[in-house]
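Engineer: File target_30.cif follows (mmCIF, C-alpha atoms):
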data_work
loop_
_atom_site.label_atom_id
_atom_site.label_comp_id
_atom_site.auth_asym_id
_atom_site.auth_seq_id
_atom_site.Cartn_x
_atom_site.Cartn_y
_atom_site.Cartn_z
CA MET C 1432 186.01 -48.43 88.34
CA PHE C 1433 182.73 -46.56 88.15
CA ASN C 1434 180.37 -49.14 89.65
CA VAL C 1435 177.57 -47.00 91.11
CA GLU C 1436 176.35 -48.57 94.36
CA GLY C 1437 176.51 -52.07 92.92
CA GLY C 1438 174.87 -50.96 89.68
CA ARG C 1439 175.80 -53.54 87.11
CA VAL C 1440 174.80 -53.76 83.45
CA LEU C 1441 173.73 -56.90 81.61
CA ILE C 1442 174.42 -56.87 77.87
CA ALA C 1443 172.26 -59.31 75.87
CA GLU C 1444 173.53 -59.25 72.28
CA ASN C 1445 173.59 -62.15 69.81
CA ASP C 1446 176.52 -60.96 67.69
CA PRO C 1447 179.72 -61.97 69.53
CA ARG C 1448 181.78 -59.22 67.86
CA VAL C 1449 179.31 -56.49 68.79
CA ARG C 1450 178.91 -57.95 72.30
CA THR C 1451 182.68 -57.85 72.84
CA GLU C 1452 182.96 -54.28 71.50
CA ILE C 1453 180.18 -53.06 73.81
CA GLN C 1454 181.63 -54.85 76.82
CA ASN C 1455 185.14 -53.51 76.15
CA LYS C 1456 183.84 -49.94 75.75
CA PHE C 1457 181.83 -50.19 78.98
CA LEU C 1458 184.80 -51.59 80.89
CA GLU C 1459 187.00 -48.84 79.44
CA ALA C 1460 184.42 -46.34 80.74
CA GLY C 1461 184.52 -48.01 84.17
CA ILE C 1462 181.08 -49.60 83.93
CA PHE C 1463 180.83 -53.09 85.42
CA CYS C 1464 179.00 -55.41 83.06
CA ASP C 1465 178.32 -58.99 82.08
CA SER C 1466 177.36 -60.14 78.62
CA VAL C 1467 175.35 -63.01 77.18
CA GLY C 1468 174.34 -64.13 73.71
CA THR C 1469 170.98 -65.82 74.27
CA PRO C 1470 167.69 -64.98 75.96
CA ASP C 1471 167.96 -67.98 78.28
CA GLU C 1472 171.41 -66.86 79.46
CA ALA C 1473 170.02 -63.36 80.09
CA ILE C 1474 167.09 -64.58 82.17
CA ASP C 1475 169.38 -66.97 84.05
CA LEU C 1476 171.75 -64.15 85.04
CA LEU C 1477 168.89 -61.81 85.94
CA GLY C 1478 167.70 -64.47 88.38
CA LYS C 1479 171.12 -64.86 89.99
CA ALA C 1480 172.29 -61.29 90.57
CA PRO C 1481 170.85 -57.78 90.67
CA TYR C 1482 171.36 -55.65 87.57
CA ALA C 1483 170.60 -51.95 87.53
CA LEU C 1484 170.29 -51.89 83.75
CA MET C 1485 169.97 -54.29 80.84
CA LEU C 1486 170.97 -53.53 77.26
CA LEU C 1487 168.76 -55.93 75.29
CA ASP C 1488 169.17 -56.71 71.60
CA LEU C 1489 165.60 -57.10 70.34
CA ASP C 1490 167.02 -59.04 67.38
CA LEU C 1491 168.51 -61.88 69.48
CA THR C 1492 166.60 -64.33 67.30
CA GLU C 1493 163.17 -64.18 65.70
CA ASP C 1494 160.78 -62.89 68.39
CA GLU C 1495 163.24 -63.81 71.16
CA GLY C 1496 163.69 -60.21 72.21
CA ASP C 1497 159.93 -59.87 72.67
CA SER C 1498 159.64 -63.12 74.62
CA THR C 1499 162.59 -62.03 76.76
CA LEU C 1500 160.73 -58.80 77.52
CA ASP C 1501 157.69 -60.84 78.55
CA ARG C 1502 159.85 -62.83 80.96
CA ILE C 1503 161.42 -59.65 82.39
CA ARG C 1504 157.96 -58.09 82.78
CA SER C 1505 156.96 -61.01 85.02
CA MET C 1506 159.83 -60.30 87.42
CA PRO C 1507 159.09 -58.46 90.69
CA ASP C 1508 159.54 -54.69 90.36
CA ASP C 1509 162.32 -54.56 92.95
CA VAL C 1510 164.59 -56.85 90.91
CA ARG C 1511 163.58 -55.79 87.39
CA PRO C 1512 166.36 -53.79 85.68
CA ILE C 1513 165.96 -50.67 83.59
CA VAL C 1514 165.78 -51.95 80.00
CA LEU C 1515 167.34 -50.15 77.06
CA ALA C 1516 166.71 -52.05 73.82
CA THR C 1517 168.70 -52.10 70.59
CA THR C 1518 167.58 -53.12 67.13
CA ALA C 1519 168.89 -53.15 63.58
CA ARG C 1520 165.40 -53.36 62.12
CA SER C 1521 164.18 -50.36 60.19
CA GLY C 1522 160.73 -48.91 60.61
CA ALA C 1523 158.63 -48.46 63.69
CA ARG C 1524 159.20 -50.80 66.60
CA THR C 1525 156.80 -50.97 69.50
CA ALA C 1526 157.67 -51.92 73.04
CA ASP C 1527 156.01 -51.69 76.42
CA VAL C 1528 156.93 -48.18 77.59
CA ASP C 1529 156.53 -49.24 81.22
CA LEU C 1530 159.34 -51.74 80.69
CA VAL C 1531 161.57 -50.47 77.87
CA GLN C 1532 162.89 -46.99 78.57
CA MET C 1533 164.43 -46.48 75.14
CA ILE C 1534 164.95 -48.21 71.79
CA ILE C 1535 168.34 -47.48 70.25
CA ARG C 1536 168.86 -48.06 66.54
CA LYS C 1537 171.98 -49.80 65.31
CA PRO C 1538 174.70 -49.14 64.37
CA LEU C 1539 175.60 -48.19 67.93
CA HIS C 1540 177.85 -45.25 68.72
CA LEU C 1541 179.70 -46.84 71.62
CA SER C 1542 181.11 -43.71 73.27
CA ASP C 1543 177.66 -42.10 73.33
CA LEU C 1544 176.11 -45.35 74.55
CA ALA C 1545 178.62 -45.65 77.39
CA GLU C 1546 177.91 -42.07 78.48
CA MET C 1547 174.16 -42.73 78.37
CA ILE C 1548 174.59 -45.86 80.51
CA ARG C 1549 176.68 -43.93 83.05
CA SER C 1550 173.93 -41.29 83.28
CA CYS C 1551 171.28 -43.97 83.80
CA LEU C 1552 173.33 -45.61 86.54
CA LEU C 1553 173.86 -42.27 88.28
CA GLY C 1554 170.13 -41.53 88.09
CA THR C 1555 169.30 -44.96 89.49
CA ALA C 1556 171.72 -44.48 92.38
CA ALA C 1557 170.27 -41.04 93.15
CA ARG C 1558 166.71 -42.42 93.23
CA LYS C 1559 167.82 -45.15 95.66
CA ARG C 1560 169.26 -42.51 98.00
CA SER C 1561 166.30 -40.12 97.85
CA PRO C 1562 162.99 -40.99 99.48
CA GLU C 1563 159.93 -40.63 97.26
CA ILE C 1564 157.82 -37.58 97.92
CA SER C 1565 154.11 -38.00 97.46
CA GLY C 1566 151.98 -35.01 96.97
#
Represent the supplied structure as structure tokens.
Structural biologist:
Amino acid sequence: MFNVEGGRVLIAENDPRVRTEIQNKFLEAGIFCDSVGTPDEAIDLLGKAPYALMLLDLDLTEDEGDSTLDRIRSMPDDVRPIVLATTARSGARTADVDLVQMIIRKPLHLSDLAEMIRSCLLGTAARKRSPEISG
């Protein structure tokens, strides 16, 4: 398995079929992950275990993705995961760029998504190993 220095991914997706497909693709790619279908389940898991990255469906339910982001924003920086958001909504979507690193439009291309997640996990692990240089 690929698990980079304990880097685990939390998938928060309301559609059980899509959630299962993402989780299966990640596991096939060697990425450790957990998945949930509601905002409350996501926040509960984030409070119980460290996650390097969260794949958050902004369409969980009406405005739930945004309220979930507000709850994640209130978490201490050292436990807050990298957030990649997904949405099926068309048109412009705004999100706090200090919190959400990327918004990915559905339909998802799972092989590309898995590779992107692996790259993020590798980058996170490298930052943990390298001391910050101030200049």
Engineer: From the list C:Ser1542, C:Leu1486, C:Ile1503, C:Ala1443, which residue is nearest C:Ala1516 when using all atoms listed in the file?
Structural biologist: C:Leu1486
Engineer: From the set C:Val1510, C:Cys1464, C:Val1531, C:Ile1548, which residue has the shortest atom-to-atom contact distance to C:Lys1479, counting only C-alpha atoms?
Structural biologist: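 Between C:Val1510, C:Cys1464, C:Val1531, C:Ile1548, the residue approaching C:Lys1479 most closely is C:Val1510.
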Engineer: Could you spell out the hits of the PyMOL selection byres ((chain C and resi 1462) around 10) on the shown file, as a ChimeraX atom specification?
Structural biologist: /C:1432-1435,1438-1440,1454-1461,1463-1465,1545-1546,1548-1549,1552
Engineer: Take atom CA of C:Asn1445 and atom CA of C:Leu1476 and report the distance between them in Å, one decimal.
Structural biologist: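 The value is 15.5 Å.
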Engineer: What does the distance from atom CA of C:Thr1555 to atom CA of C:Asp1446 come to in Å, to one decimal?
Structural biologist: 28.0 Å
Engineer: If we count all atoms listed in the file, what is near C:Val1514 at a cut-off of 8 Å, once residues fewer than 2 positions away on the same chain are taken out, given as a PyMOL selection string?
Structural biologist: chain C and resi 1484-1487+1512+1516+1530-1533
Engineer: Would you compute the distance between atom CA of C:Ile1453 and atom CA of C:Asp1508? Give it in Å to one decimal.
Structural biologist: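 Here the two named atoms are 26.5 Å from each other.
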Engineer: What would the selection look like, as JSON, numbers by chain, if the PyMOL selection byres ((chain C and resi 1472-1474) around 12) were run on the coordinates I just shared?
Structural biologist: {"C": [1440, 1441, 1442, 1443, 1444, 1445, 1465, 1466, 1467, 1468, 1469, 1470, 1471, 1475, 1476, 1477, 1478, 1479, 1480, 1481, 1482, 1485, 1486, 1487, 1488, 1491, 1495, 1496, 1498, 1499, 1500, 1501, 1502, 1503, 1504, 1505, 1506, 1510, 1511, 1512]}
Engineer: How big is the axis-aligned box around all listed atoms of stretch 1471-1478 of chain C once 8 Å goes on each side, and where's its centre, in Å to one decimal, as JSON?
Structural biologist:
{"center_x": 169.4, "center_y": -64.9, "center_z": 83.3, "size_x": 20.7, "size_y": 22.2, "size_z": 26.1}
Engineer: Just so the selection is clear, what residues does the PyMOL selection byres ((chain C and resi 1519) around 9) cover here, as a ChimeraX atom specification?
Structural biologist: /C:1488-1490,1517-1518,1520-1521,1535-1538
